[in-house]
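Structure first, then comments.
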Amino acid sequence: MREIQFREAIKEAMTEEMRKDENVFLMGEEVAEYNGAYKASQGMLDEFGSKRVIDTPISELGFAGIGVGAAMNGLRPIVEFMTWNFAILAADQVINSAAKMLQMSGGQYNVPIVFRGPNGQAGQLAATHSQAFESIYAHIPGLKVITPSNPYDAKGLLKSAIRDDDPIVFMESEKMYGDKGEVPDSEYLVPIGKADVKKEGSDVTIVSFGKIMKVALQAAEELEKEGVSAEVIDLRTIRPLDYETIIQSIKKTNRLVILEESWPMASISTEISYVVQSQAFDYLDAPIRRLTQADTPFAFAKELIDEALPGVEDVVKAAKKSKYLI
């Protein structure tokens, strides 16, 4: 199987779906002439032309609204935000229009639209450019929220998202666009709402998603060296969330550590903790442990970034505590 970059997987998903369906189009800042801010749409303008690969002004609220209107009229827009930090300006269209239109119209209008772009911290970009927004959008009924961690899942999930009749929030990462992974030449889809067990284990379950999955998998390797077998689950989809895969894992391991990049208050790990204790309490042999970003705006200094984010040692420590090894 060939290896391609995350950005190439995103481009292939969009290109293949645009070839299949003339109603699919891409719009956003620098997606056309510049081939995408992160080169995720490289060559697409040449293939599809300026009516289907559209450069927009720096006006997230405006072009997100155009996308919602287009979706209500039978098209399937892919709206790229240069970063989800900028998409705060478009939240009215995402939350108040796209998410609610099917219900407010009494089922008359679907909004088959994908809002996509990088999310979370990307290094030394400081507080206003380093926010992870999964839990904010997952809070909204009517939206589906997807955060892939590798090229294979990114391509398969994006193709599924483009075909879906509901509005999708698709969150990537600047730090992942250059990551390489195996992706088949043949067409495939990854189902929305289904988590993936990336590593099987018997002693503790580690649940994560997005680029911090790398930390989870590295921690599992370190734990293995110390005789602790960790099962690692990649959520992939944040809403709808695959609770069943998590619970089935806990029935085997009896312990749970949740790792995410966002803040602790009203986080995805908080929601998972509630559901697990309500549906699988009798299977738990230790308190649920969660690891999140520090409860503070993100810093610029590298030393403070390292301090704010959970690392491999933090995950290893949490897992060993759940086993009462420390």
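Following the order of the structure tokens, chains are lettered A, B, ..., residues in each are numbered from 1, and ligands are numbered from 1.
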
List the spatial neighbours of A:Glu200 as a CSV table (one decimal) with N, CA, C and O atoms, in the first residue's frame - criterion: any atom at most 8 Å away, only C-alpha atoms, same-chain residues fewer than 6 positions off excluded.
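And here's selection_29.csv as it stands now:
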```
chain,number,residue,atom,x,y,z
A,230,ALA,N,-1.8,-1.6,27.3
A,230,ALA,CA,-2.8,-0.6,27.1
A,230,ALA,C,-3.5,-0.8,25.8
A,230,ALA,O,-2.9,-1.0,24.8
A,231,GLU,N,-4.8,-0.7,25.9
A,231,GLU,CA,-5.7,-0.6,24.7
A,231,GLU,C,-5.9,0.8,24.3
A,231,GLU,O,-6.3,1.6,25.2
A,232,VAL,N,-5.7,1.2,23.1
A,232,VAL,CA,-5.8,2.6,22.7
A,232,VAL,C,-6.9,2.7,21.7
A,232,VAL,O,-6.9,2.1,20.6
```

Worksheet entry | Who sits within 10 Å of A:Gly156, only C-alpha atoms, same chain under 4 positions skipped, as a ChimeraX atom specification | /A:9-10,12-13,148,151-152,160-161,183,187-192

Worksheet, complete the sentence: Restricting to only C-alpha atoms, whichever of A:Gly49, A:Gly107, A:Gly117, A:Pro57 is closest to A:Phe81 is A:Gly117

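Summary of the local environment: counting only C-alpha atoms, residues at most 12 Å from A:Ser273, other than itself and those fewer than 3 positions away along its chain, are Val207, Tyr243, Ile246, Ile247, Ile250, Arg255, Leu256, Val257, Ile258, Leu259, Pro264, Ala266, Ser267, Ile268, Ser269, Thr270, Val276, Gln277, Ser278, Gln279, Ala280, Phe281, Leu284, Pro287, Ile288, Arg289, Arg290 and Leu291 of chain A.
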
Please, could you write that set of residues out with C-alpha atoms as a CSV table (one decimal), in the first residue's frame?
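Contents of the output file selection29.csv:
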```
chain,number,residue,atom,x,y,z
A,207,VAL,CA,-9.1,7.0,24.7
A,243,TYR,CA,-19.6,5.0,23.5
A,246,ILE,CA,-15.3,2.4,24.9
A,247,ILE,CA,-17.6,0.4,27.2
A,250,ILE,CA,-13.5,-1.1,29.8
A,255,ARG,CA,-9.7,1.1,33.8
A,256,LEU,CA,-9.9,4.3,31.7
A,257,VAL,CA,-7.6,7.2,30.9
A,258,ILE,CA,-8.9,9.9,28.6
A,259,LEU,CA,-6.5,12.2,26.7
A,264,PRO,CA,-11.0,20.5,31.1
A,266,ALA,CA,-17.1,20.9,29.6
A,267,SER,CA,-14.6,18.8,27.7
A,268,ILE,CA,-15.1,15.6,25.7
A,269,SER,CA,-13.5,13.6,28.5
A,270,THR,CA,-16.0,15.0,30.9
A,276,VAL,CA,-19.0,5.4,31.4
A,277,GLN,CA,-19.8,5.8,35.1
A,278,SER,CA,-23.6,5.6,34.3
A,279,GLN,CA,-23.4,2.6,32.0
A,280,ALA,CA,-20.3,0.7,33.1
A,281,PHE,CA,-19.7,1.6,36.7
A,284,LEU,CA,-14.4,0.0,36.8
A,287,PRO,CA,-11.3,6.1,39.1
A,288,ILE,CA,-11.4,7.4,35.6
A,289,ARG,CA,-8.5,9.6,34.9
A,290,ARG,CA,-8.5,12.5,32.3
A,291,LEU,CA,-5.6,14.5,30.9
```

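Proximity of A:Pro118, A:Gly181, A:Gly201, A:Pro240 to A:Ala37, computed with only C-alpha atoms, is greatest for A:Pro118.
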
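Of the residues listed (A:Arg7, A:Lys144, A:Lys194, A:Lys211), A:Arg7 shows the shortest atom-to-atom separation from A:Lys180; distances use only C-alpha atoms.
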
Fill in: Near-stretch 15-28 of chain A list (6 Å; only C-alpha atoms; drop same-chain fewer than 4 positions) as a ChimeraX atom specification
/A:11,52-56,75-80
